[in-house]
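Enquirer: One structure follows; several queries about it will come next.
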Amino acid sequence: MARKKLIEKSFRALVGTLGPNTRFGQGTYIYDTNDSVRDYALFAIFTGMTADAERFCLEFLAEKTGPYLDCIRTADLSRPASLLKEILTDLMNRLETGGHVEPNTTYHAFTVVLVKGGAAYIARINGCPVFYMKERKFRPIYHQPKARGRESLQIEAVPIDNGDRIILASEEMIKHPTKLELRNVLLAGEDLALACSKIQMLATRYEEIDSPRLMIIHFRRNEAKSTALFTRRNTAVIASVALFIMLLFLWGDIVRLVNTSSIGYIVTKKNIFQRAAESVSNETKDYSVEQVYAGLAVAYDLTVGPDDVLFIVDDKEPGII
C-alpha cells in the first residue's frame, strides 16, 4: 500500500459570497475548500450559464481534481498551472460538445482558483472579472483578453500571504463601481458577507442586477506548530529547569562555600572536593614515615626508654645517642 503523506494547510480561507447558496443551480460555488488538512483549496464562480451547465461544470471539476486535492489523494499536484489548463480546456470542449452551451458563444464566463501552499493559480474564461488585493492595494493580474471563446483561457499565479484577498464577480457587478470604492468597502471591516452586500449596493445605484455573483476570498495564515523537541524556546526552558534543580541539590554546598564575615569580606573555605577527601582520609590509618633525627649513618639498634625517650646506636657515633 502506498504511503500517504499529509500536509498541514498553510492558509485557511474565509469566504463571503453573494448569490444563491445551493450546491447545484445558479449561484456562487465553492468546492471543498477547508474540510481537509491537505494544503489546497479550490474555488469556482460561474456566470451566464444554465443550472444544468453549472451542475455539469461542478461535477467535472470534482472528478478531475479529486485525485489531486481531496482527503484520499492518490496523485501528486506538482504542476498546478498545467493541470488547471488541461482541465479547463477539456471542460470548455465538453460544454460545447455536450450541448450545455452553444458553440462559439461568449456570453458565459467563469473563474477557477486553485490554492496550493503559498500561491494561488487563477484561471478565467471570457474575461470574468478578477481582483487581487495585496498589502491593501489592488494588484493587476490579467491584461484584457485578445479574444473570447476557447482562446480566452488565461492562467496566472500570484503569491498569497496573510491578509490577501481575491475578488471574483460577474461583469455587471463591477461595471460602474471604481476600484477605489471597492477598496474602501473591503478595508472597512472583516465581515465578508457585509462587504458583499455593500458592493451590491454600489452596483445597484446605477442599474438593477438580476443575478448578482460575487465571491471574496480572504486568506489567513494558520498558526505554525513545530513538532521538533529542541527548538530555541524548548531548549531555554529545559536549561532553566535543569539549572533550578541543580541549585536545589547544591544549595547547602554553595552556602558553605561562600561565607560572609562580620566586616563584609568574603572568606573562602574548603570546597566540596577537599571536604570529601578529608572525610575519606579520617576513616583510614596513616602509615606515613616521620623523621625524628637527622644526620645518622647506619642506625643498627634502637629502644624506647621511660617517658618515650629514644636510645639509638649508630656506626658514626662513639656512644649511645
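Quick note on naming: the chains in the C-alpha cells go A, B, ... in the order shown, residues restart at 1 in each chain, and ligands are numbered from 1 in order of appearance.
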Can I get the residues of range 55-96 of chain A within 10 Å of range 107-115 of chain A, each with the closest pair of atoms and their distance in Å to one decimal, using only C-alpha atoms, sorted chain first then ascending number, as a tab-separated table?

Expert:
residue	atom	partner	partner_atom	distance
A:Cys57	CA	A:Phe110	CA	9.9
A:Leu61	CA	A:Val112	CA	9.4
A:Thr65	CA	A:Leu114	CA	9.9
A:Leu69	CA	A:Leu114	CA	9.7
A:Pro80	CA	A:Leu114	CA	7.7
A:Ala81	CA	A:Leu114	CA	8.7
A:Leu84	CA	A:Leu114	CA	7.9
A:Leu88	CA	A:Val112	CA	8.8

Enquirer: Suppose we keep C-alpha atoms; can you now write the selection as a PDB file, in the first residue's frame?

Expert:
ATOM      1  CA  CYS A  57     -19.048  22.062 -14.523  1.00  0.00           C
ATOM      2  CA  LEU A  61     -14.157  19.740 -11.621  1.00  0.00           C
ATOM      3  CA  THR A  65      -9.339  17.410  -9.322  1.00  0.00           C
ATOM      4  CA  LEU A  69      -6.980  17.546  -3.901  1.00  0.00           C
ATOM      5  CA  PRO A  80      -0.821  23.159 -10.688  1.00  0.00           C
ATOM      6  CA  ALA A  81      -0.904  25.606 -13.628  1.00  0.00           C
ATOM      7  CA  LEU A  84      -5.599  23.662 -14.389  1.00  0.00           C
ATOM      8  CA  LEU A  88     -10.409  23.776 -18.170  1.00  0.00           C
TER       9      LEU A  88
END

Enquirer: Going by DSSP on the backbone, which residues of range 48-230 of chain A come out as alpha helix (DSSP H)? List them as number ranges by chain.

Expert: A: 51-69, 80-97, 179-187, 192-204

Enquirer: Contacts between range 195-213 of chain A and range 88-170 of chain A, please, where a residue of range 88-170 of chain A counts if it comes within 9 Å (with only C-alpha atoms); show its shortest atom pair and distance in Å to one decimal, rows by chain and ascending number, as JSON lines.

Expert:
{"residue": "A:Leu168", "atom": "CA", "partner": "A:Arg213", "partner_atom": "CA", "distance": 8.1}
{"residue": "A:Ala169", "atom": "CA", "partner": "A:Arg213", "partner_atom": "CA", "distance": 5.4}
{"residue": "A:Ser170", "atom": "CA", "partner": "A:Arg213", "partner_atom": "CA", "distance": 5.3}

Enquirer: With all heavy atoms retained, write the just-selected residues as a short mmCIF file (atom, residue, chain, number, x, y, z; two decimals), in the first residue's frame.

Expert:
data_model
loop_
_atom_site.label_atom_id
_atom_site.label_comp_id
_atom_site.auth_asym_id
_atom_site.auth_seq_id
_atom_site.Cartn_x
_atom_site.Cartn_y
_atom_site.Cartn_z
N LEU A 168 -13.85 37.73 -6.95
CA LEU A 168 -14.41 37.22 -8.20
C LEU A 168 -15.83 37.75 -8.33
O LEU A 168 -16.57 37.76 -7.35
CB LEU A 168 -14.42 35.69 -8.21
CG LEU A 168 -13.15 34.97 -7.70
CD1 LEU A 168 -13.38 33.46 -7.68
CD2 LEU A 168 -11.97 35.31 -8.57
N ALA A 169 -16.22 38.16 -9.52
CA ALA A 169 -17.55 38.75 -9.67
C ALA A 169 -18.03 38.58 -11.11
O ALA A 169 -17.25 38.31 -12.03
CB ALA A 169 -17.52 40.24 -9.31
N SER A 170 -19.33 38.75 -11.27
CA SER A 170 -19.89 38.81 -12.61
C SER A 170 -19.66 40.21 -13.17
O SER A 170 -19.43 41.17 -12.43
CB SER A 170 -21.38 38.47 -12.58
OG SER A 170 -22.04 39.30 -11.64
#

Enquirer: Go through range 6-116 of chain A and flag each residue having an atom no more than 8 Å from range 139-157 of chain A; for those, report the closest pair of atoms plus their distance in Å to one decimal, using only C-alpha atoms, ordered by chain and rising number, as a tab-separated table.

Expert:
residue	atom	partner	partner_atom	distance
A:Ala81	CA	A:Ile155	CA	7.0
A:Lys85	CA	A:Ile155	CA	7.3
A:Thr89	CA	A:Arg150	CA	7.6
A:Met92	CA	A:Arg150	CA	6.9
A:Asn104	CA	A:Gly149	CA	6.0
A:Thr105	CA	A:Gly149	CA	6.6
A:Thr106	CA	A:Gly149	CA	5.5

Enquirer: So, with only C-alpha atoms as the atoms that count, which of A:Thr303, A:Asn184, A:Ser10, A:Asn162 lies closest to Lys134 in chain A?

Expert: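 The closest residue to Lys134 in chain A is A:Asn162.
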